[in-house]
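upload_24.cif follows (mmCIF, C-alpha atoms):
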data_entry
#
loop_
_atom_site.label_atom_id
_atom_site.label_comp_id
_atom_site.auth_asym_id
_atom_site.auth_seq_id
_atom_site.Cartn_x
_atom_site.Cartn_y
_atom_site.Cartn_z
CA MET L 1 -170.32 19.03 20.92
CA ILE L 2 -170.00 19.16 24.71
CA ASN L 3 -167.96 21.95 26.29
CA THR L 4 -164.77 20.84 28.03
CA GLY L 5 -163.92 23.94 30.09
CA LYS L 6 -160.52 24.23 28.37
CA LEU L 7 -161.12 27.85 27.38
CA ALA L 8 -161.90 29.10 30.90
CA GLY L 9 -160.10 32.38 31.53
CA ARG L 10 -158.64 32.55 28.03
CA THR L 11 -159.13 35.69 25.93
CA ILE L 12 -160.59 35.39 22.44
CA PHE L 13 -160.62 38.36 20.06
CA ILE L 14 -163.34 37.95 17.40
CA THR L 15 -163.88 40.30 14.47
CA GLY L 16 -167.41 40.68 13.13
CA GLY L 17 -168.82 38.88 16.15
CA SER L 18 -172.07 40.74 16.67
CA ARG L 19 -174.12 38.13 14.79
CA GLY L 20 -173.95 34.96 12.72
CA ILE L 21 -170.95 32.64 12.84
CA GLY L 22 -168.82 35.04 14.89
CA LYS L 23 -171.40 35.34 17.66
CA SER L 24 -172.02 31.60 17.65
CA ILE L 25 -168.29 30.98 18.21
CA ALA L 26 -168.30 33.58 20.99
CA LEU L 27 -171.24 31.95 22.79
CA LYS L 28 -169.67 28.50 22.53
CA ALA L 29 -166.43 29.74 24.13
CA ALA L 30 -168.37 31.76 26.70
CA LYS L 31 -169.87 28.55 28.10
CA ASP L 32 -166.33 27.61 29.18
CA GLY L 33 -165.96 30.95 30.96
CA ALA L 34 -163.76 32.56 28.30
CA ASN L 35 -163.16 36.30 27.92
CA ILE L 36 -164.60 37.45 24.60
CA VAL L 37 -163.71 40.64 22.74
CA ILE L 38 -166.43 41.47 20.21
CA ALA L 39 -164.76 43.71 17.62
CA ALA L 40 -167.37 44.81 15.08
CA LYS L 41 -168.90 47.92 13.52
CA THR L 42 -172.45 47.32 14.68
CA ALA L 43 -172.95 49.69 17.59
CA LYS L 44 -176.47 50.54 16.41
CA GLN L 45 -179.15 48.17 15.21
CA HIS L 46 -178.97 47.49 11.45
CA PRO L 47 -182.34 48.15 9.75
CA LYS L 48 -182.42 44.62 8.28
CA LEU L 49 -180.00 42.57 10.41
CA PRO L 50 -180.44 41.80 14.11
CA GLY L 51 -177.78 42.25 16.81
CA THR L 52 -175.18 44.76 17.96
CA ILE L 53 -171.89 44.38 19.80
CA TYR L 54 -173.75 45.26 23.00
CA SER L 55 -176.54 42.71 22.60
CA ALA L 56 -173.89 40.10 21.75
CA ALA L 57 -171.96 41.06 24.89
CA ARG L 58 -175.07 40.56 27.03
CA GLU L 59 -175.60 37.09 25.58
CA ILE L 60 -171.96 36.21 26.18
CA GLU L 61 -172.20 37.20 29.82
CA GLU L 62 -175.47 35.29 30.22
CA ALA L 63 -173.72 32.21 28.79
CA GLY L 64 -171.00 32.43 31.45
CA GLY L 65 -168.23 34.43 29.80
CA ALA L 66 -166.80 37.91 30.23
CA ALA L 67 -167.34 40.35 27.38
CA LEU L 68 -165.69 43.46 25.99
CA PRO L 69 -167.65 45.08 23.13
CA CYS L 70 -165.46 47.28 20.91
CA VAL L 71 -166.58 49.39 17.98
CA VAL L 72 -164.13 48.35 15.30
CA ASP L 73 -164.02 48.77 11.54
CA VAL L 74 -161.19 46.39 10.60
CA ARG L 75 -160.24 48.77 7.78
CA ASP L 76 -159.27 51.42 10.35
CA GLU L 77 -155.82 50.75 11.82
CA SER L 78 -156.29 53.12 14.75
CA GLN L 79 -159.55 51.42 15.79
CA VAL L 80 -157.93 47.98 15.60
CA ILE L 81 -154.93 49.05 17.68
CA LEU L 82 -157.17 50.68 20.29
CA ALA L 83 -159.43 47.61 20.60
CA VAL L 84 -156.47 45.26 21.00
CA GLN L 85 -154.99 47.52 23.68
CA GLU L 86 -158.33 47.67 25.50
CA ALA L 87 -158.51 43.88 25.43
CA VAL L 88 -155.01 43.54 26.86
CA ASN L 89 -155.71 46.13 29.54
CA LYS L 90 -158.93 44.43 30.60
CA PHE L 91 -157.99 40.77 30.33
CA GLY L 92 -154.19 40.78 30.51
CA GLY L 93 -153.48 39.44 27.02
CA ILE L 94 -154.86 37.67 23.96
CA ASP L 95 -154.83 33.90 23.45
CA VAL L 96 -156.98 33.39 20.35
CA LEU L 97 -157.82 35.53 17.32
CA ILE L 98 -160.80 34.67 15.11
CA ASN L 99 -160.73 36.61 11.84
CA ASN L 100 -164.41 36.35 10.99
CA ALA L 101 -165.29 39.82 9.60
CA SER L 102 -166.05 39.62 5.90
CA ALA L 103 -167.71 41.48 3.03
CA ILE L 104 -169.34 39.91 -0.01
CA SER L 105 -170.57 41.00 -3.44
CA LEU L 106 -171.22 38.21 -5.93
CA THR L 107 -170.71 40.32 -9.04
CA ASN L 108 -168.66 39.75 -12.16
CA THR L 109 -165.83 41.98 -13.36
CA LEU L 110 -167.91 44.45 -15.36
CA THR L 111 -170.61 44.90 -12.72
CA THR L 112 -168.30 45.17 -9.69
CA GLU L 113 -168.05 48.80 -8.67
CA MET L 114 -164.61 49.76 -7.41
CA LYS L 115 -166.02 50.82 -4.06
CA LYS L 116 -167.30 47.23 -3.67
CA TYR L 117 -163.94 45.86 -4.77
CA ASP L 118 -162.18 48.06 -2.24
CA LEU L 119 -164.64 47.13 0.52
CA MET L 120 -164.16 43.38 0.05
CA ASN L 121 -160.40 43.53 -0.23
CA ASP L 122 -160.05 46.04 2.62
CA VAL L 123 -162.23 44.01 5.00
CA ASN L 124 -161.34 40.47 3.98
CA ALA L 125 -157.68 40.48 2.98
CA ARG L 126 -156.30 43.72 4.46
CA GLY L 127 -158.44 43.56 7.61
CA THR L 128 -157.36 40.00 8.36
CA PHE L 129 -153.70 40.94 7.86
CA LEU L 130 -154.03 44.08 10.00
CA VAL L 131 -155.81 42.48 12.95
CA SER L 132 -153.42 39.51 12.89
CA LYS L 133 -150.38 41.79 12.77
CA THR L 134 -151.69 43.78 15.73
CA CYS L 135 -152.55 40.74 17.86
CA ILE L 136 -149.47 38.61 17.18
CA PRO L 137 -147.12 40.35 19.69
CA TYR L 138 -149.62 39.40 22.43
CA LEU L 139 -150.33 35.95 21.01
CA LYS L 140 -146.61 35.22 21.29
CA LYS L 141 -146.95 35.56 25.06
CA SER L 142 -149.83 33.05 25.29
CA THR L 143 -149.28 29.45 26.35
CA ASN L 144 -151.58 28.15 23.59
CA PRO L 145 -152.01 30.81 20.86
CA HIS L 146 -154.30 30.32 17.88
CA ILE L 147 -155.34 32.35 14.84
CA VAL L 148 -158.37 31.03 12.96
CA ASN L 149 -159.46 32.65 9.69
CA ILE L 150 -162.98 31.92 8.48
CA SER L 151 -161.82 31.48 4.92
CA PRO L 152 -161.82 28.77 2.25
CA PRO L 153 -159.23 26.29 1.03
CA LEU L 154 -157.23 27.64 -1.89
CA ASN L 155 -159.00 26.08 -4.87
CA LEU L 156 -157.63 27.37 -8.18
CA ASN L 157 -160.42 25.92 -10.30
CA PRO L 158 -161.34 28.85 -12.63
CA PHE L 159 -165.01 28.16 -11.88
CA TRP L 160 -164.61 29.87 -8.50
CA PHE L 161 -163.16 32.99 -10.14
CA LYS L 162 -165.12 33.61 -13.32
CA ASN L 163 -168.42 34.75 -11.79
CA HIS L 164 -167.11 36.83 -8.86
CA VAL L 165 -163.37 37.27 -9.23
CA ALA L 166 -163.18 40.27 -6.85
CA TYR L 167 -164.86 38.38 -4.01
CA THR L 168 -162.75 35.28 -4.62
CA MET L 169 -159.54 37.32 -4.56
CA SER L 170 -160.52 38.90 -1.25
CA LYS L 171 -161.42 35.60 0.46
CA TYR L 172 -158.30 33.92 -0.88
CA GLY L 173 -156.35 36.84 0.58
CA MET L 174 -157.52 35.67 4.00
CA SER L 175 -156.44 32.12 3.17
CA MET L 176 -153.04 33.26 1.95
CA CYS L 177 -152.53 34.87 5.36
CA VAL L 178 -152.88 31.35 6.77
CA LEU L 179 -150.39 29.96 4.27
CA GLY L 180 -147.74 32.57 5.07
CA MET L 181 -148.25 33.30 8.77
CA ALA L 182 -148.43 29.64 9.78
CA ASP L 183 -144.87 29.14 8.63
CA GLU L 184 -143.68 32.58 9.69
CA PHE L 185 -144.80 32.13 13.30
CA LYS L 186 -144.40 28.38 13.67
CA GLU L 187 -141.35 28.77 15.89
CA ASP L 188 -143.40 31.03 18.17
CA GLY L 189 -145.92 28.23 18.65
CA ILE L 190 -148.78 30.21 17.07
CA ALA L 191 -151.19 27.96 15.19
CA VAL L 192 -152.65 29.66 12.12
CA ASN L 193 -155.45 27.72 10.40
CA ALA L 194 -158.53 28.32 8.26
CA VAL L 195 -161.96 26.82 8.90
CA TRP L 196 -164.67 26.76 6.24
CA PRO L 197 -168.16 25.24 6.23
CA ARG L 198 -169.02 22.18 4.14
CA THR L 199 -172.50 23.58 3.50
CA ALA L 200 -174.20 26.95 3.43
CA ILE L 201 -174.62 28.38 6.93
CA TYR L 202 -177.92 30.04 7.78
CA THR L 203 -177.53 33.59 9.07
CA ALA L 204 -179.62 36.73 8.78
CA ALA L 205 -177.09 38.09 6.29
CA ILE L 206 -177.43 35.02 4.04
CA GLU L 207 -181.21 35.29 4.20
CA MET L 208 -180.98 38.91 3.09
CA LEU L 209 -178.63 37.89 0.27
CA THR L 210 -180.41 34.80 -1.06
CA GLY L 211 -184.01 35.03 0.13
CA PRO L 212 -186.33 33.61 2.79
CA ASN L 213 -185.92 29.98 1.73
CA SER L 214 -182.18 29.89 2.41
CA GLY L 215 -182.76 28.08 5.71
CA SER L 216 -183.97 24.96 3.91
CA ILE L 217 -180.56 24.43 2.29
CA SER L 218 -178.37 25.47 5.21
CA ARG L 219 -176.93 24.36 8.52
CA LYS L 220 -176.97 26.38 11.71
CA PRO L 221 -173.87 28.44 12.60
CA GLU L 222 -173.42 26.20 15.65
CA ILE L 223 -171.60 23.65 13.47
CA MET L 224 -168.90 26.21 12.77
CA ALA L 225 -168.79 27.18 16.44
CA ASP L 226 -168.27 23.57 17.49
CA ALA L 227 -165.58 23.04 14.85
CA VAL L 228 -163.65 26.18 15.81
CA TYR L 229 -164.04 25.35 19.50
CA SER L 230 -162.52 21.90 18.92
CA LEU L 231 -159.60 23.45 17.03
CA ILE L 232 -158.67 26.16 19.53
CA CYS L 233 -158.82 23.70 22.43
CA LYS L 234 -155.96 21.73 20.85
CA ASN L 235 -152.27 22.28 21.49
CA SER L 236 -151.27 25.06 19.10
CA LYS L 237 -148.04 23.26 18.24
CA SER L 238 -149.89 20.20 17.01
CA LEU L 239 -151.71 21.64 14.00
CA THR L 240 -150.96 24.69 11.87
CA GLY L 241 -151.13 25.88 8.28
CA GLN L 242 -154.22 23.78 7.53
CA PHE L 243 -157.38 24.51 5.55
CA LEU L 244 -160.02 22.66 7.53
CA ILE L 245 -163.69 21.91 6.87
CA ASP L 246 -166.12 22.10 9.79
CA GLU L 247 -167.64 18.67 9.18
CA ASP L 248 -164.23 17.00 8.87
CA ILE L 249 -163.05 18.52 12.16
CA LEU L 250 -166.11 17.19 13.97
CA ARG L 251 -165.84 13.74 12.37
CA ARG L 252 -162.37 13.48 13.88
CA GLU L 253 -164.00 14.24 17.23
CA GLY L 254 -166.24 11.20 16.73
CA ILE L 255 -169.35 13.08 15.59
CA THR L 256 -171.18 11.29 12.78
CA ASP L 257 -174.76 12.55 13.16
CA PHE L 258 -175.06 16.07 11.74
CA SER L 259 -178.84 16.21 11.68
CA THR L 260 -178.97 18.50 14.72
CA TYR L 261 -177.05 21.13 12.78
CA ALA L 262 -179.55 21.31 9.91
CA PHE L 263 -181.66 24.45 10.04
CA ASP L 264 -184.49 22.40 8.53
CA PRO L 265 -184.06 18.77 9.73
CA ALA L 266 -186.59 17.56 7.15
CA ASN L 267 -184.24 18.76 4.39
CA GLN L 268 -180.90 17.69 5.90
CA ASP L 269 -180.00 15.50 2.89
CA ASN L 270 -180.42 18.32 0.40
CA LEU L 271 -178.08 21.02 1.65
CA MET L 272 -176.16 23.45 -0.54
CA THR L 273 -172.42 22.84 -0.71
CA ASP L 274 -170.59 26.05 0.15
CA PHE L 275 -168.48 28.12 -2.19
CA PHE L 276 -164.98 27.01 -3.18
CA LEU L 277 -165.66 23.32 -2.45
CA ASP L 278 -165.84 21.07 -5.49
CA ILE L 279 -168.63 18.52 -5.01
CA SER L 280 -167.20 15.00 -4.91
CA GLU L 281 -168.84 11.61 -4.60
CA SER L 282 -168.06 11.55 -0.89
CA THR L 283 -169.99 14.74 -0.21
CA LYS L 284 -173.16 13.98 -2.13
CA SER L 285 -176.20 13.51 0.04
CA PRO L 286 -177.93 10.13 0.17
CA SER L 287 -181.01 11.64 -1.46
CA ALA L 288 -178.94 13.03 -4.33
CA GLU L 289 -177.31 9.63 -4.89
CA ARG L 290 -180.70 7.96 -4.99
CA SER L 291 -182.03 10.49 -7.49
CA GLU L 292 -179.12 9.85 -9.86
CA VAL L 293 -179.88 6.14 -10.19
CA ALA L 294 -183.68 6.37 -10.13
CA SER L 295 -185.51 5.27 -13.25
CA PRO L 296 -187.88 7.70 -14.97
CA LYS L 297 -191.44 7.35 -13.77
CA HIS L 298 -193.11 8.87 -16.83
CA ASP L 299 -192.77 8.42 -20.56
CA VAL L 300 -191.26 11.39 -22.34
CA THR L 301 -194.15 11.86 -24.74
CA SER L 302 -196.22 15.04 -24.81
CA ASP L 303 -197.27 17.91 -26.98
CA PHE L 304 -194.08 19.66 -25.87
CA GLY L 305 -191.82 17.31 -27.84
CA ASP L 306 -189.01 15.02 -26.75
CA GLY L 307 -186.00 15.51 -24.49
CA ARG L 308 -185.32 16.15 -20.84
CA ILE L 309 -186.54 19.77 -20.90
CA ALA L 310 -189.79 18.65 -22.51
CA LYS L 311 -190.11 16.10 -19.73
CA ILE L 312 -189.85 18.85 -17.13
CA PHE L 313 -192.63 20.89 -18.71
CA THR L 314 -194.77 17.79 -19.16
CA ALA L 315 -194.51 17.24 -15.40
CA ILE L 316 -195.17 20.91 -14.67
CA HIS L 317 -198.26 20.84 -16.92
CA ALA L 318 -199.58 17.80 -15.05
CA ASN L 319 -199.20 19.63 -11.75
CA LEU L 320 -200.95 22.88 -12.69
CA SER L 321 -203.80 23.81 -10.38
CA PRO L 322 -205.79 26.89 -9.36
CA GLU L 323 -204.25 26.59 -5.89
CA LEU L 324 -200.74 26.74 -7.36
CA VAL L 325 -201.69 29.84 -9.36
CA THR L 326 -203.11 31.52 -6.25
CA LYS L 327 -200.02 30.74 -4.15
CA THR L 328 -197.46 31.76 -6.78
CA GLY L 329 -198.95 34.69 -8.65
CA ALA L 330 -196.14 35.05 -11.19
CA VAL L 331 -195.27 34.49 -14.84
CA PHE L 332 -191.90 32.91 -15.68
CA GLU L 333 -189.92 32.76 -18.91
CA PHE L 334 -187.10 30.25 -19.40
CA ASN L 335 -184.34 30.83 -21.94
CA VAL L 336 -182.65 27.44 -22.17
CA LYS L 337 -179.21 27.23 -23.78
CA GLY L 338 -177.05 24.29 -24.86
CA ASP L 339 -178.13 20.92 -26.27
CA GLU L 340 -181.86 21.54 -25.78
CA ALA L 341 -181.98 25.25 -26.49
CA GLY L 342 -185.34 26.95 -26.62
CA THR L 343 -187.72 29.33 -24.90
CA TRP L 344 -190.43 28.11 -22.53
CA PHE L 345 -192.94 29.79 -20.26
CA LEU L 346 -194.86 29.03 -17.09
CA ASP L 347 -197.86 31.19 -16.24
CA LEU L 348 -198.84 30.77 -12.59
CA LYS L 349 -200.67 34.08 -12.42
CA ASN L 350 -203.55 34.05 -14.87
CA GLU L 351 -206.69 31.90 -14.99
CA LYS L 352 -205.88 28.20 -14.34
CA GLY L 353 -202.22 28.53 -15.25
CA ALA L 354 -200.46 27.53 -18.46
CA THR L 355 -197.09 26.36 -19.75
CA GLY L 356 -195.55 25.66 -23.13
CA ARG L 357 -192.96 26.58 -25.73
CA GLY L 358 -192.25 30.19 -26.69
CA LYS L 359 -192.74 33.44 -24.84
CA PRO L 360 -195.63 33.93 -22.39
CA SER L 361 -198.69 35.92 -23.53
CA HIS L 362 -198.41 38.05 -20.38
CA PRO L 363 -195.24 39.95 -19.30
CA ALA L 364 -192.84 37.72 -17.36
CA ASP L 365 -192.17 38.62 -13.71
CA ALA L 366 -188.86 36.73 -13.85
CA VAL L 367 -186.75 35.50 -16.76
CA PHE L 368 -184.41 32.54 -16.17
CA THR L 369 -181.40 31.82 -18.37
CA MET L 370 -179.29 28.69 -17.99
CA ASP L 371 -177.80 25.70 -19.81
CA SER L 372 -180.14 22.76 -20.39
CA LYS L 373 -178.04 20.34 -18.31
CA HIS L 374 -178.12 22.70 -15.32
CA PHE L 375 -181.82 23.37 -15.91
CA PHE L 376 -182.65 19.67 -15.68
CA ALA L 377 -180.38 19.20 -12.66
CA MET L 378 -182.14 22.04 -10.86
CA PHE L 379 -185.67 20.81 -11.54
CA SER L 380 -184.79 17.19 -10.73
CA GLY L 381 -183.39 18.11 -7.32
CA LYS L 382 -179.69 17.55 -8.06
CA MET L 383 -178.84 21.25 -7.87
CA GLN L 384 -180.23 23.82 -5.45
CA PRO L 385 -181.65 26.92 -7.22
CA THR L 386 -179.89 29.20 -4.74
CA MET L 387 -176.56 27.50 -5.45
CA ALA L 388 -177.18 27.72 -9.21
CA PHE L 389 -177.91 31.44 -8.92
CA MET L 390 -175.02 32.28 -6.59
CA THR L 391 -172.47 30.41 -8.71
CA GLY L 392 -173.59 31.98 -11.98
CA LYS L 393 -175.15 28.86 -13.52
CA LEU L 394 -178.56 30.50 -13.32
CA LYS L 395 -179.18 34.11 -14.33
CA ILE L 396 -182.37 35.85 -13.25
CA ASN L 397 -183.77 39.04 -14.72
CA GLY L 398 -186.75 40.57 -12.98
CA SER L 399 -188.10 39.73 -9.54
CA VAL L 400 -185.80 37.42 -7.57
CA GLU L 401 -188.50 37.23 -4.90
CA LYS L 402 -190.96 35.82 -7.44
CA ALA L 403 -188.29 33.47 -8.74
CA MET L 404 -187.76 32.00 -5.27
CA LYS L 405 -191.38 30.83 -5.28
CA LEU L 406 -190.49 28.19 -7.87
CA GLU L 407 -188.56 26.15 -5.27
CA LYS L 408 -191.70 24.55 -3.84
CA LEU L 409 -192.82 23.53 -7.31
CA MET L 410 -189.39 22.00 -7.96
CA THR L 411 -189.69 20.00 -4.74
CA SER L 412 -193.02 18.54 -5.86
CA LEU L 413 -191.53 17.54 -9.22
CA LYS L 414 -188.51 15.62 -7.91
CA SER L 415 -190.34 12.30 -7.72
CA LYS L 416 -191.76 12.71 -11.21
CA LEU L 417 -188.54 13.34 -13.15
#
Is it possible to express this structure as structure tokens?
Amino acid sequence: MINTGKLAGRTIFITGGSRGIGKSIALKAAKDGANIVIAAKTAKQHPKLPGTIYSAAREIEEAGGAALPCVVDVRDESQVILAVQEAVNKFGGIDVLINNASAISLTNTLTTEMKKYDLMNDVNARGTFLVSKTCIPYLKKSTNPHIVNISPPLNLNPFWFKNHVAYTMSKYGMSMCVLGMADEFKEDGIAVNAVWPRTAIYTAAIEMLTGPNSGSISRKPEIMADAVYSLICKNSKSLTGQFLIDEDILRREGITDFSTYAFDPANQDNLMTDFFLDISESTKSPSAERSEVASPKHDVTSDFGDGRIAKIFTAIHANLSPELVTKTGAVFEFNVKGDEAGTWFLDLKNEKGATGRGKPSHPADAVFTMDSKHFFAMFSGKMQPTMAFMTGKLKINGSVEKAMKLEKLMTSLKSKL
């Protein structure tokens, strides 16, 4: 999306803007000549994640904007108040607030430690409320004030609660701020909206969370930057209280080709739908639609028996090779539940490789547990393994790193199932 210059001289306060989506939004606005306040904790380089508030500030200035890096933990009221005051002193006010800072832990009720619960709710829900509350007196003085929360639409499908209820509560807390504040400050002309990505967004944090292959199922953060940019350039009195999806915003701007946003253009039709969005017919990729109507290319007859799971292992057996064993170097056990319950194994570590029913003869490096319908969907390319794992449909015991190596095998099997 081409910059319009509409944000020149305007001041944008962004929480968690030292990397990822927040920094991408900052750089997009900086190209207009905006003033950017980077409010984040990262004053020193993280051992696993790149970027600090100072490196982000340098990039903002190189892009054409003015930058104010502020060390801010959004859980600390005094730090938030000080950063907002510094922003007002330096730039004369605040026109836009982007509540981007967030914490995540995809754990169920019994495995969520209370310190993790407190972290997510303090950063996501409380932090968003606190920063908004502190900025609003200055936003009221702006000629076109916006608050944008990077949070999801409120989807009360129990599926989005059962596997990580604490995280869902915290993100929905951000969204409820949109619901309440939009109406509360409508008469002041402050637009309060949420923006959420249609697909997974590739960032260093997501790679650390889901593994090195996360880029193949993700879009670049620039799609979120372009969507937020489009929103905050609009008249604040024209749109408020909405839960918007990045792709939908850009479609209304006339953008129909999203291939440039794919982190891996070769895989742009097989992206992972983001959390809290129920997959509908309209959001399925062309490749997924084709795979649903494709006829089987092989008979389901083998020593493994009948059924869809047997078909998967028949195809795997046909694709075994010394090269695959060398590249993978792992033994996998599959505990399949549901209609086609059973235990299967895949040895890609010893001799020429082997697969079959029952437990492996060598200790498994990773044990997969999932329902047979999800198992078939994953191996036939209709469900991304990362999505299955993150949404609780797939449970992995053992080495997640070894488990991720199965993705390439799954890709090779798509045309055979």
Please evaluate the PyMOL selection byres ((chain L and resi 398) around 10) against the displayed coordinates and give the resulting residues as a PyMOL selection string. chain L and resi 332+364-368+396-397+399-403
Give me the segment 157-257 of chain L side of the contact with segment 22-44 of chain L, cut-off 8 Å, one line per residue showing its nearest atom pair and distance in Å at one decimal, counting all atoms listed in the file, sorted by chain and residue number, as CSV.
residue,atom,partner,partner_atom,distance
L:Pro221,CA,L:Ser24,CA,6.2
L:Glu222,CA,L:Ser24,CA,5.9
L:Met224,CA,L:Ile25,CA,7.3
L:Ala225,CA,L:Ile25,CA,4.2
L:Asp226,CA,L:Lys28,CA,7.2
L:Val228,CA,L:Ile25,CA,7.1
L:Tyr229,CA,L:Ala29,CA,6.8
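Evaluated against the shown file, the PyMOL selection byres ((chain L and resi 124-131) around 8) gives L:Val74, L:Arg75, L:Glu77, L:Val80, L:Asn99, L:Ala101, L:Ser102, L:Ala103, L:Met120, L:Asn121, L:Asp122, L:Val123, L:Ser132, L:Lys133, L:Thr134, L:Cys135, L:Asn149, L:Ser170, L:Lys171, L:Tyr172, L:Gly173, L:Met174, L:Cys177.
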What is the atom CA of Arg10 of chain L-atom CA of Asp95 of chain L distance in Å, reported with one decimal? 6.1 Å
Name the residues captured by the PyMOL selection byres ((chain L and resi 217) around 6) when it is applied to the shown file; answer as a PyMOL selection string. chain L and resi 214-216+218+271-272
Ref. answer, residues at most 7 Å from (-161.6, 31.4, 10.4) with all atoms listed in the file, as a PyMOL selection string: chain L and resi 98-100+148-151+194-196
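You can rank L:Thr143, L:Ser230, L:Asn350, L:Thr355 by their closest distance to Ala330 of chain L using all atoms listed in the file, and at the top of that list sits L:Asn350.
Counting only C-alpha atoms, the residue from L:Leu7, L:Val96, L:Ile14, L:Val336 that sits nearest to Leu68 of chain L is L:Ile14.
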Nearest to Lys373 of chain L among L:Asp257, L:Lys48, L:Lys349, L:Gly307, with distances taken over all atoms listed in the file: which residue is it? L:Gly307
Just to confirm, what's the straight-line distance from atom CA of Arg219 of chain L to atom CA of Pro152 of chain L in Å (one decimal)? 16.9 Å
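Taking atom CA of Val325 of chain L and atom CA of Pro265 of chain L as the two end points, the separation is 28.2 Å.
Residue nearest Lys393 of chain L within the list L:Leu110, L:Met378, L:Ala310, L:Ala83: L:Met378 [criterion: smallest interatomic distance, all atoms listed in the file].
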